[in-house]
Structure formats: structure tokens, C-alpha cells
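A.B. asks: I have a structure here, written as C-alpha cells, and I will follow up with some questions on it.
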Amino acid sequence: MAMLSVQDLHVSYGAIKAVRGISFEINEGEIVTLIGANGAGKSTTLNTVAGLLKPESGTIEFDGASIAGVQAHKVVQRGLALCPEGRRVFTQMSVAENLEMGGYTRSDAENRETLERVYDHFPRLKERRGQVAGTLSGGEQQMLAMGRALMSRPRLLMLDEPSMGLAPILVEEIFSIIKQLNESGTTVLLVEQNANMALSIADRAYVLETGTIKKTGTGAELLVDDDVRKAYLGG
Amino acid sequence: MQVLMQVLNGLQLGSIYALVALGYTMVYGIILLLNFAHGDIIMVGAYISWLVMAQLGMPPVVAMILSVLGCTLLGVLIDKVAYAPLRNAPRLSILITAIGVSYFLENGAQLVFGADAKVVPAFTDVSTIQLGGASLSFAAVATVVVTAVATVVLTLLVQKTKLGKAMRAVSEDMGAARLMGINVNNTISFTFAVGSALAGIGAILYTMAYTQATPTMGMMLGTKAFVAAVLGGIGSIPGAVVGGLLVGFAEVIVTALGLSVWKDAVVFLLLIIVLIVRPTGIFGRTMSEKV
């Protein structure tokens, strides 16, 4: 059984239909990526799964239980965390406080343990734990946003555009950390505009276009797919 | 001696403004709402004290507890009934609603209790305390001490506790706070509860000094506290305290100079000057609009 199963999902902002009947699945242990142009409905999909938006119709099942329309703060408790687009760290709080907020649904004892693991993945966050998050560089803020999401001990981690606005070297670093996280047992749903990077680490991928799924396959297949190459990989 | 008395007067009045301004600033900090009904919650607290002591003949301590409790519940209720349904509405709608709630409370009080002032009995027989040969007003000393303690407790709450940090998270980014597993509605309710409890304490201290409850007493008090919060930098806890003290001292100084008819004008003049020179207030930081 798939860990996350989304069937015929429709989401609208007022009169604008952002997602029109998409279906996809993620199995435990996979890295799955949704790629597509701006406005294809990738972020809307993640935000809906996370509970920030309400679906118009369709089903979202996590571990076999419906989470469609469940409020965001309750979705986290089920083991599903979203690291949102634009990072959205709490800029006026310290790095440590941001991480503490990430572990809001967990006990202090659990948080102490998770914090060590997060600091292992992101040693830079440990160095800067007392620093106000707003003063971190873009790459550090992305690490903080990911570390913060990990603090809830998610079984499925959703990452929305983690490479956005980062220098190529940092993009490499972030992606290698995503790979590490996956290897240590976290299932990953990745939304990216940087299709090249995303496909190269993904087990499977879905190509979104104007709110519908155009294509699906393994990361390796789509990397060499002519249509995908033309549309998203610059030839 | 005369100067010491005036300083104490300034501290007392300033402390009351500070307490009320703290409530204003907390609610503004979390949902960017100028809760114009905040002053009227104090009015309700004053009527509860009057009701409990003068009408039901119960001891002052009961009046104090029920005033604070009543204000706390009223604050949460106002949020649930009037503001929560408008959480995603434009800010102007919720601002106008706050003005509506304010009028509702004022006119409701007038309907229930009448327009004439009710005399709130004294909370204690002690009227002065001796300190190194000087005889100080008990109400003034109590007001200053209570406000100082409330400020420290509030600061610790916001800076150190899990709930306080959640409040700061919600204040900065509601969506991101939700993703952390923070129940935003409960956090906002809690903020209203704390702010309104402070208003309840303010009601007790105010009636200690002025011994009257009238339906419109919250209007000027609320407006002055609002000025205090803006002076200090709205959203800032130390700002609310400093702003409150500034407004209190300004009024006392103007009154001591024999110009008491000008005291309100001076307070608002102070506001205008600050808004021109430093629009974010003394402790305010420039906030970028959230998209």
C-alpha cells in the first residue's frame, strides 16, 4: 500500500482552478518529485496535502487514513511535514527557537534526541543556534527550514523548492542532504523547478502542467525523455 | 515632597496606561488588530467589581478575582464571536468590527447599569503606607508594583515558555506556525485571554484610584493606552510600558503646571510628534508587510 495516495485532487483559489484532477502515489522509502513550470500547481498540491488549503474534491490518504481537509496542525501529528516554499523561517526568533517550534508536537525528551540528529545533518545550525534566523544566509535559512521540518519526526517530508535562490554549490549541498535524509529512512516528496537536480535524485517523478499530470516515470527515464528535456531541462 | 508626590502620581497613572497598553500591544502583535474594544473590557471589569462589592456585598478579594476572570472570558468571547470569523477577511473589516464591539459594550453597559456613575467601594481600608517618613498612597504603590510584576511575568511568558514562543511564531507567520503543529486559533485565544486579564487587573487598579464605573470610562482610557502603545512601538512589550509611563507623566506634569484642561491635548500632541519623527514608535521595528 502506498504511504501517500492522492486521487483526482481538485483545488481552487476562488474562481481559479490551480489543480485539476491530479493523482499520484508515494511508497515508503521513495524520493518522488513533482516537476513543472511556475503555476503548474506543484505548491498548491503540497499545501493541500499539508492541510493549509482545502481540496475542492478528491481524496488524500496517508497510511490509509483520509487527511483531505484535516487542519495543518493536525496533519503534522500524523508524521507528515512540509518545508514550505520561500523557507518561511521565523526570522525574529533564534535558530534554536525555530527548531523548538518544529518540535512543537513532540515531547521535550523526543526533541532533545531529534535536535542532536538535526545538528548532525546540519552542523552549521549548531554553530549558529543562538543567532536570530533573519540574519542567516539564504542557504542557512533553507537548512534551518529543513531542520525545523525534521523536528516533528516526519515519516514523509515534503520539500517545496528547496533550491530556490541558492548558489549552485549550495544546491548541491542541499540535495546531498536530501539524499542522506532519505537513506536514513525519511520518505521524500520534492517539488522543484530545478528539474535536472530533482530528477537525478528521484526514484520516480511526475510532470505537472497547468494543474494536471502530463507524464510519469522514474527519475532516470524522465531525465532522458525528449519532451521533458525540451520543456524543463533546457534542451 | 511635592515633587515626590507628583512622581508617584505619574508612575501610578502611567502604570495603569502601561497595563492597558500591554493588552493592546499583545493583540496587535499577534493578529495586527487594533482591538478598540480593549478599553471597554476594563469598563466591564470595573462594573463587575462594583456589582460584587456594592450590590452583592462580597469581599474585595472576590471582586478582584471575578473582575479579572470576567475580563479574561469576555476577551476570549469577543475574539471567538466577533473576530475569529473574520480571520481571513481584509484588515479593515475586522478593525470596523472592533469599533462595533466597543460601541456594543458601551451601550450595553448603559442599558444594563444606566448612564450615571456607580461608585466602586474601596478594595482596602489601607489608604497610605509610610516609607522613610514619607506617606505614600497605597493605591499608587500597589499599582506600580503590580504593573512591574505583570510586565516581568509577561516578558518571561513570551520569551521563555513554549506557548509564548508559539505566540511569537503565529505573530510572524501564521501559515508556517500551522505547519509546526501549532493550533493558531487556540494561540490567538490565549493571547486575548492574557491581554484581557491585564485589562481586568487594570480595571481594579483604575477603580482603586478613581472609584467610579461609567459606561464610557473605557473610551478615553483605551485611547490613551493606544497612544501609549503606539508611542512605545506597537507590538513591543517594553514599548508599551515606556509609552504608558510617558503618557502618564505627561498628563501629571501638565496638570501640576495648572494646565489640566490641556492634558488630553498634550498626550495627542505627543503622539503626533512621535508619528512624525519616528513612526514605528520608540521600540518599534520596521515591519515588512507579509504577502
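The chains in the C-alpha cells are called A, B, ... from first to last as shown; in each chain the residues are counted from 1, and the ligands are counted from 1 in the order shown.
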Find the residues of chain B that sit at most 7 Å from chain A; for each, write down the nearest two atoms and how far apart they are in Å, to one decimal. Count only C-alpha atoms. Sort by chain, then by number going up, and give it as a Markdown table.
C.D. replies:
```
| residue | atom | partner | partner_atom | distance |
| --- | --- | --- | --- | --- |
| B:Ala169 | CA | A:Phe90 | CA | 6.3 |
| B:Glu172 | CA | A:Phe90 | CA | 6.5 |
| B:Ala176 | CA | A:Arg88 | CA | 6.4 |
| B:Arg178 | CA | A:His73 | CA | 5.0 |
| B:Leu179 | CA | A:Ala72 | CA | 5.8 |
| B:Met180 | CA | A:Gly102 | CA | 5.0 |
| B:Gly181 | CA | A:His73 | CA | 3.7 |
| B:Ile182 | CA | A:His73 | CA | 5.6 |
| B:Asn183 | CA | A:His73 | CA | 5.9 |
```
A.B. asks: Mind checking which residues fall within 12 Å of Val11 (chain A), counting only C-alpha atoms, ignoring those fewer than 3 positions away in the same chain, and posting them as an mmCIF file with N, CA, C and O atoms, in the first residue's frame?
C.D. replies:
```
data_model
loop_
_atom_site.group_PDB
_atom_site.id
_atom_site.type_symbol
_atom_site.label_atom_id
_atom_site.label_comp_id
_atom_site.auth_asym_id
_atom_site.auth_seq_id
_atom_site.Cartn_x
_atom_site.Cartn_y
_atom_site.Cartn_z
ATOM 1 N N ASP A 8 -7.434 12.080 -7.870
ATOM 2 C CA ASP A 8 -8.347 13.023 -8.534
ATOM 3 C C ASP A 8 -8.533 14.310 -7.721
ATOM 4 O O ASP A 8 -9.653 14.755 -7.481
ATOM 5 N N GLY A 14 -10.545 30.640 -5.119
ATOM 6 C CA GLY A 14 -11.687 31.375 -5.642
ATOM 7 C C GLY A 14 -12.110 30.776 -6.968
ATOM 8 O O GLY A 14 -12.423 29.592 -7.048
ATOM 9 N N ALA A 15 -12.081 31.587 -8.029
ATOM 10 C CA ALA A 15 -12.544 31.103 -9.332
ATOM 11 C C ALA A 15 -11.426 30.415 -10.108
ATOM 12 O O ALA A 15 -11.670 29.782 -11.124
ATOM 13 N N ILE A 16 -10.198 30.544 -9.609
ATOM 14 C CA ILE A 16 -9.076 29.988 -10.364
ATOM 15 C C ILE A 16 -8.806 28.542 -9.953
ATOM 16 O O ILE A 16 -8.571 28.253 -8.780
ATOM 17 N N LYS A 17 -8.871 27.672 -10.931
ATOM 18 C CA LYS A 17 -8.596 26.259 -10.659
ATOM 19 C C LYS A 17 -7.096 26.033 -10.765
ATOM 20 O O LYS A 17 -6.522 26.131 -11.844
ATOM 21 N N ALA A 18 -6.449 25.745 -9.656
ATOM 22 C CA ALA A 18 -4.994 25.590 -9.671
ATOM 23 C C ALA A 18 -4.587 24.138 -9.900
ATOM 24 O O ALA A 18 -3.577 23.858 -10.530
ATOM 25 N N VAL A 19 -5.375 23.222 -9.371
ATOM 26 C CA VAL A 19 -5.086 21.793 -9.537
ATOM 27 C C VAL A 19 -6.344 21.132 -10.066
ATOM 28 O O VAL A 19 -7.420 21.275 -9.488
ATOM 29 N N ARG A 20 -6.210 20.423 -11.189
ATOM 30 C CA ARG A 20 -7.403 19.875 -11.831
ATOM 31 C C ARG A 20 -7.297 18.366 -11.981
ATOM 32 O O ARG A 20 -6.904 17.864 -13.023
ATOM 33 N N GLY A 21 -7.624 17.690 -10.927
ATOM 34 C CA GLY A 21 -7.734 16.244 -11.011
ATOM 35 C C GLY A 21 -6.414 15.513 -11.109
ATOM 36 O O GLY A 21 -6.226 14.702 -12.005
ATOM 37 N N ILE A 22 -5.483 15.802 -10.211
ATOM 38 C CA ILE A 22 -4.236 15.049 -10.275
ATOM 39 C C ILE A 22 -4.280 13.850 -9.320
ATOM 40 O O ILE A 22 -4.948 13.872 -8.298
ATOM 41 N N GLY A 41 0.872 24.121 -10.470
ATOM 42 C CA GLY A 41 0.068 23.592 -9.365
ATOM 43 C C GLY A 41 0.851 22.753 -8.370
ATOM 44 O O GLY A 41 0.269 22.082 -7.517
ATOM 45 N N LYS A 42 2.178 22.821 -8.452
ATOM 46 C CA LYS A 42 3.012 21.991 -7.577
ATOM 47 C C LYS A 42 2.870 22.409 -6.110
ATOM 48 O O LYS A 42 2.583 21.580 -5.246
ATOM 49 N N SER A 43 3.082 23.695 -5.849
ATOM 50 C CA SER A 43 2.999 24.165 -4.458
ATOM 51 C C SER A 43 1.587 24.010 -3.921
ATOM 52 O O SER A 43 1.391 23.657 -2.752
ATOM 53 N N THR A 44 0.606 24.288 -4.769
ATOM 54 C CA THR A 44 -0.785 24.139 -4.342
ATOM 55 C C THR A 44 -1.034 22.706 -3.878
ATOM 56 O O THR A 44 -1.690 22.474 -2.856
ATOM 57 N N THR A 45 -0.484 21.760 -4.636
ATOM 58 C CA THR A 45 -0.661 20.357 -4.263
ATOM 59 C C THR A 45 -0.066 20.077 -2.888
ATOM 60 O O THR A 45 -0.732 19.510 -2.012
ATOM 61 N N LEU A 46 1.176 20.514 -2.675
ATOM 62 C CA LEU A 46 1.819 20.278 -1.380
ATOM 63 C C LEU A 46 1.055 20.962 -0.254
ATOM 64 O O LEU A 46 0.829 20.378 0.814
ATOM 65 N N ASN A 47 0.674 22.218 -0.489
ATOM 66 C CA ASN A 47 -0.037 22.954 0.554
ATOM 67 C C ASN A 47 -1.365 22.287 0.902
ATOM 68 O O ASN A 47 -1.818 22.346 2.046
ATOM 69 N N THR A 48 -1.986 21.671 -0.084
ATOM 70 C CA THR A 48 -3.256 20.994 0.175
ATOM 71 C C THR A 48 -3.027 19.712 0.973
ATOM 72 O O THR A 48 -3.758 19.416 1.914
ATOM 73 N N VAL A 49 -1.996 18.960 0.589
ATOM 74 C CA VAL A 49 -1.688 17.740 1.342
ATOM 75 C C VAL A 49 -1.360 18.095 2.794
ATOM 76 O O VAL A 49 -1.784 17.422 3.731
ATOM 77 N N GLY A 51 -2.502 20.504 4.479
ATOM 78 C CA GLY A 51 -3.663 20.997 5.217
ATOM 79 C C GLY A 51 -3.791 22.504 5.264
ATOM 80 O O GLY A 51 -4.665 23.034 5.931
ATOM 81 N N LEU A 52 -2.911 23.218 4.553
ATOM 82 C CA LEU A 52 -3.020 24.685 4.537
ATOM 83 C C LEU A 52 -4.155 25.122 3.616
ATOM 84 O O LEU A 52 -4.755 26.174 3.808
ATOM 85 N N LEU A 53 -4.435 24.306 2.601
ATOM 86 C CA LEU A 53 -5.536 24.595 1.688
ATOM 87 C C LEU A 53 -6.531 23.439 1.745
ATOM 88 O O LEU A 53 -6.156 22.310 2.033
ATOM 89 N N LYS A 54 -7.774 23.763 1.467
ATOM 90 C CA LYS A 54 -8.791 22.716 1.461
ATOM 91 C C LYS A 54 -9.032 22.243 0.035
ATOM 92 O O LYS A 54 -9.182 23.068 -0.864
ATOM 93 N N PRO A 55 -9.074 20.919 -0.180
ATOM 94 C CA PRO A 55 -9.349 20.445 -1.536
ATOM 95 C C PRO A 55 -10.810 20.673 -1.893
ATOM 96 O O PRO A 55 -11.674 20.650 -1.026
ATOM 97 N N GLU A 56 -11.046 20.909 -3.176
ATOM 98 C CA GLU A 56 -12.417 21.065 -3.640
ATOM 99 C C GLU A 56 -13.060 19.681 -3.738
ATOM 100 O O GLU A 56 -14.201 19.487 -3.339
ATOM 101 N N SER A 57 -12.280 18.746 -4.293
ATOM 102 C CA SER A 57 -12.742 17.358 -4.332
ATOM 103 C C SER A 57 -11.530 16.462 -4.488
ATOM 104 O O SER A 57 -10.418 16.928 -4.704
ATOM 105 N N GLY A 58 -11.772 15.179 -4.358
ATOM 106 C CA GLY A 58 -10.675 14.223 -4.460
ATOM 107 C C GLY A 58 -10.301 13.680 -3.094
ATOM 108 O O GLY A 58 -10.796 14.167 -2.072
ATOM 109 N N THR A 59 -9.421 12.681 -3.087
ATOM 110 C CA THR A 59 -9.045 12.083 -1.811
ATOM 111 C C THR A 59 -7.540 12.208 -1.584
ATOM 112 O O THR A 59 -6.752 12.207 -2.524
ATOM 113 N N ALA A 68 -7.679 14.517 3.800
ATOM 114 C CA ALA A 68 -8.203 15.620 2.994
ATOM 115 C C ALA A 68 -9.016 16.544 3.887
ATOM 116 O O ALA A 68 -9.938 16.093 4.569
ATOM 117 N N GLY A 69 -8.656 17.820 3.911
ATOM 118 C CA GLY A 69 -9.397 18.793 4.706
ATOM 119 C C GLY A 69 -9.038 18.784 6.185
ATOM 120 O O GLY A 69 -9.590 19.559 6.953
ATOM 121 N N GLY A 211 -1.987 22.261 -13.844
ATOM 122 C CA GLY A 211 -2.875 21.587 -12.906
ATOM 123 C C GLY A 211 -3.190 20.134 -13.188
ATOM 124 O O GLY A 211 -4.021 19.540 -12.513
ATOM 125 N N THR A 212 -2.550 19.553 -14.192
ATOM 126 C CA THR A 212 -2.774 18.121 -14.436
ATOM 127 C C THR A 212 -1.429 17.413 -14.616
ATOM 128 O O THR A 212 -0.419 18.044 -14.918
#
```
A.B. asks: Enumerate the residues of region 3-42 of chain A with a DSSP assignment of strand (DSSP E or B), computed from the backbone, and present them as a list in words.
C.D. replies: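 Across region 3-42 of chain A, those assigned strand (DSSP E or B) are Leu4, Ser5, Val6, Gln7, Asp8, Leu9, His10, Val11, Ser12, Tyr13, Ile16, Lys17, Ala18, Val19, Arg20, Gly21, Ile22, Ser23, Phe24, Glu25, Ile26, Ile31, Val32, Thr33, Leu34, Ile35 and Gly36 of chain A.
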A.B. asks: Can you pull out the residues contacting Val7 (chain B)? Cut-off 12 Å, using only C-alpha atoms, and skip same-chain residues under 3 positions away; I want them as number ranges by chain.
C.D. replies: B: 1-4, 10-15, 136-137, 140-141, 144, 245-246, 248-253, 256
A.B. asks: Could I get the residues of region 136-252 of chain B with an atom no further than 7 Å from an atom of region 34-50 of chain B, each paired with its nearest atom pair and that distance in Å to one decimal, using only C-alpha atoms, sorted by chain and residue number, as a tab-separated table?
C.D. replies:
```
residue	atom	partner	partner_atom	distance
B:Ala199	CA	B:Ile42	CA	5.3
B:Gly200	CA	B:Gly45	CA	5.4
B:Gly202	CA	B:Ile42	CA	6.7
B:Ala203	CA	B:Ile42	CA	4.9
B:Ile204	CA	B:Ala46	CA	6.6
B:Thr207	CA	B:Ala46	CA	6.5
B:Ala213	CA	B:Ala46	CA	5.6
B:Pro215	CA	B:Met43	CA	6.6
B:Met217	CA	B:Met43	CA	6.0
B:Gly218	CA	B:Gly39	CA	4.2
B:Met219	CA	B:Gly39	CA	5.9
B:Leu221	CA	B:Gly39	CA	6.1
B:Gly222	CA	B:Gly39	CA	3.9
```
A.B. asks: Please, could you write that set of residues out with all heavy atoms as a tab-separated table (two decimals), in the first residue's frame?
C.D. replies:
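The new file result02.tsv reads:
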```tsv
chain	number	residue	atom	x	y	z
B	199	ALA	N	-6.28	43.67	31.33
B	199	ALA	CA	-7.31	44.71	31.38
B	199	ALA	C	-8.10	44.59	32.68
B	199	ALA	O	-8.46	45.60	33.29
B	199	ALA	CB	-8.24	44.58	30.17
B	200	GLY	N	-8.34	43.36	33.12
B	200	GLY	CA	-9.05	43.14	34.38
B	200	GLY	C	-8.26	43.69	35.56
B	200	GLY	O	-8.81	44.37	36.44
B	202	GLY	N	-6.05	46.00	35.28
B	202	GLY	CA	-6.12	47.45	35.06
B	202	GLY	C	-7.41	48.04	35.63
B	202	GLY	O	-7.40	49.13	36.21
B	203	ALA	N	-8.51	47.31	35.46
B	203	ALA	CA	-9.80	47.78	35.97
B	203	ALA	C	-9.75	47.95	37.49
B	203	ALA	O	-10.24	48.95	38.03
B	203	ALA	CB	-10.91	46.81	35.58
B	204	ILE	N	-9.15	47.00	38.16
B	204	ILE	CA	-9.06	47.06	39.63
B	204	ILE	C	-8.21	48.26	40.05
B	204	ILE	O	-8.60	49.06	40.90
B	204	ILE	CB	-8.45	45.76	40.19
B	204	ILE	CG1	-9.41	44.60	39.91
B	204	ILE	CG2	-8.17	45.88	41.68
B	204	ILE	CD1	-8.78	43.24	40.12
B	207	THR	N	-10.04	51.58	39.31
B	207	THR	CA	-11.12	51.91	40.23
B	207	THR	C	-10.59	52.17	41.65
B	207	THR	O	-11.23	52.86	42.43
B	207	THR	CB	-12.20	50.80	40.27
B	207	THR	OG1	-11.55	49.53	40.31
B	207	THR	CG2	-13.08	50.88	39.06
B	213	ALA	N	-17.36	53.72	38.14
B	213	ALA	CA	-17.58	52.98	36.89
B	213	ALA	C	-18.64	53.71	36.08
B	213	ALA	O	-19.71	54.02	36.59
B	213	ALA	CB	-18.02	51.55	37.19
B	215	PRO	N	-20.31	53.88	31.82
B	215	PRO	CA	-20.29	53.10	30.58
B	215	PRO	C	-19.20	53.53	29.60
B	215	PRO	O	-18.72	52.71	28.82
B	215	PRO	CB	-21.67	53.35	29.98
B	215	PRO	CG	-22.52	53.73	31.13
B	215	PRO	CD	-21.63	54.47	32.09
B	217	MET	N	-16.21	54.96	30.44
B	217	MET	CA	-14.90	55.16	31.07
B	217	MET	C	-13.76	54.51	30.27
B	217	MET	O	-12.62	54.96	30.31
B	217	MET	CB	-14.88	54.60	32.49
B	217	MET	CG	-15.07	53.09	32.54
B	217	MET	SD	-15.14	52.42	34.21
B	217	MET	CE	-13.41	52.22	34.59
B	218	GLY	N	-14.09	53.44	29.53
B	218	GLY	CA	-13.05	52.73	28.81
B	218	GLY	C	-12.58	53.45	27.57
B	218	GLY	O	-11.50	53.18	27.03
B	219	MET	N	-13.41	54.41	27.13
B	219	MET	CA	-13.12	55.05	25.84
B	219	MET	C	-11.84	55.87	25.89
B	219	MET	O	-10.90	55.63	25.15
B	219	MET	CB	-14.31	55.94	25.48
B	219	MET	CG	-14.45	56.20	24.01
B	219	MET	SD	-15.56	57.59	23.82
B	219	MET	CE	-16.92	56.79	23.05
B	221	LEU	N	-9.67	56.00	28.39
B	221	LEU	CA	-8.59	55.16	28.93
B	221	LEU	C	-7.99	54.30	27.83
B	221	LEU	O	-6.77	54.21	27.68
B	221	LEU	CB	-9.17	54.28	30.05
B	221	LEU	CG	-8.22	53.34	30.79
B	221	LEU	CD1	-7.07	54.10	31.41
B	221	LEU	CD2	-8.98	52.56	31.86
B	222	GLY	N	-8.87	53.71	27.03
B	222	GLY	CA	-8.41	52.86	25.92
B	222	GLY	C	-7.64	53.67	24.89
B	222	GLY	O	-6.59	53.25	24.39
```
A.B. asks: DSSP on the backbone: what in region 62-189 of chain A comes out helix (DSSP H, G or I), as an MDAnalysis selection string?
C.D. replies: chainID A and resid 72:77 95:102 108:121 123:127 133:135 138:150 168:183
A.B. asks: Which residue gives the smallest distance to Leu74 (chain B) among B:Ala54, B:Met167, B:Ala197, B:Leu19, with only C-alpha atoms counted?
C.D. replies: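 Closest residue, counting only C-alpha atoms: B:Ala197.
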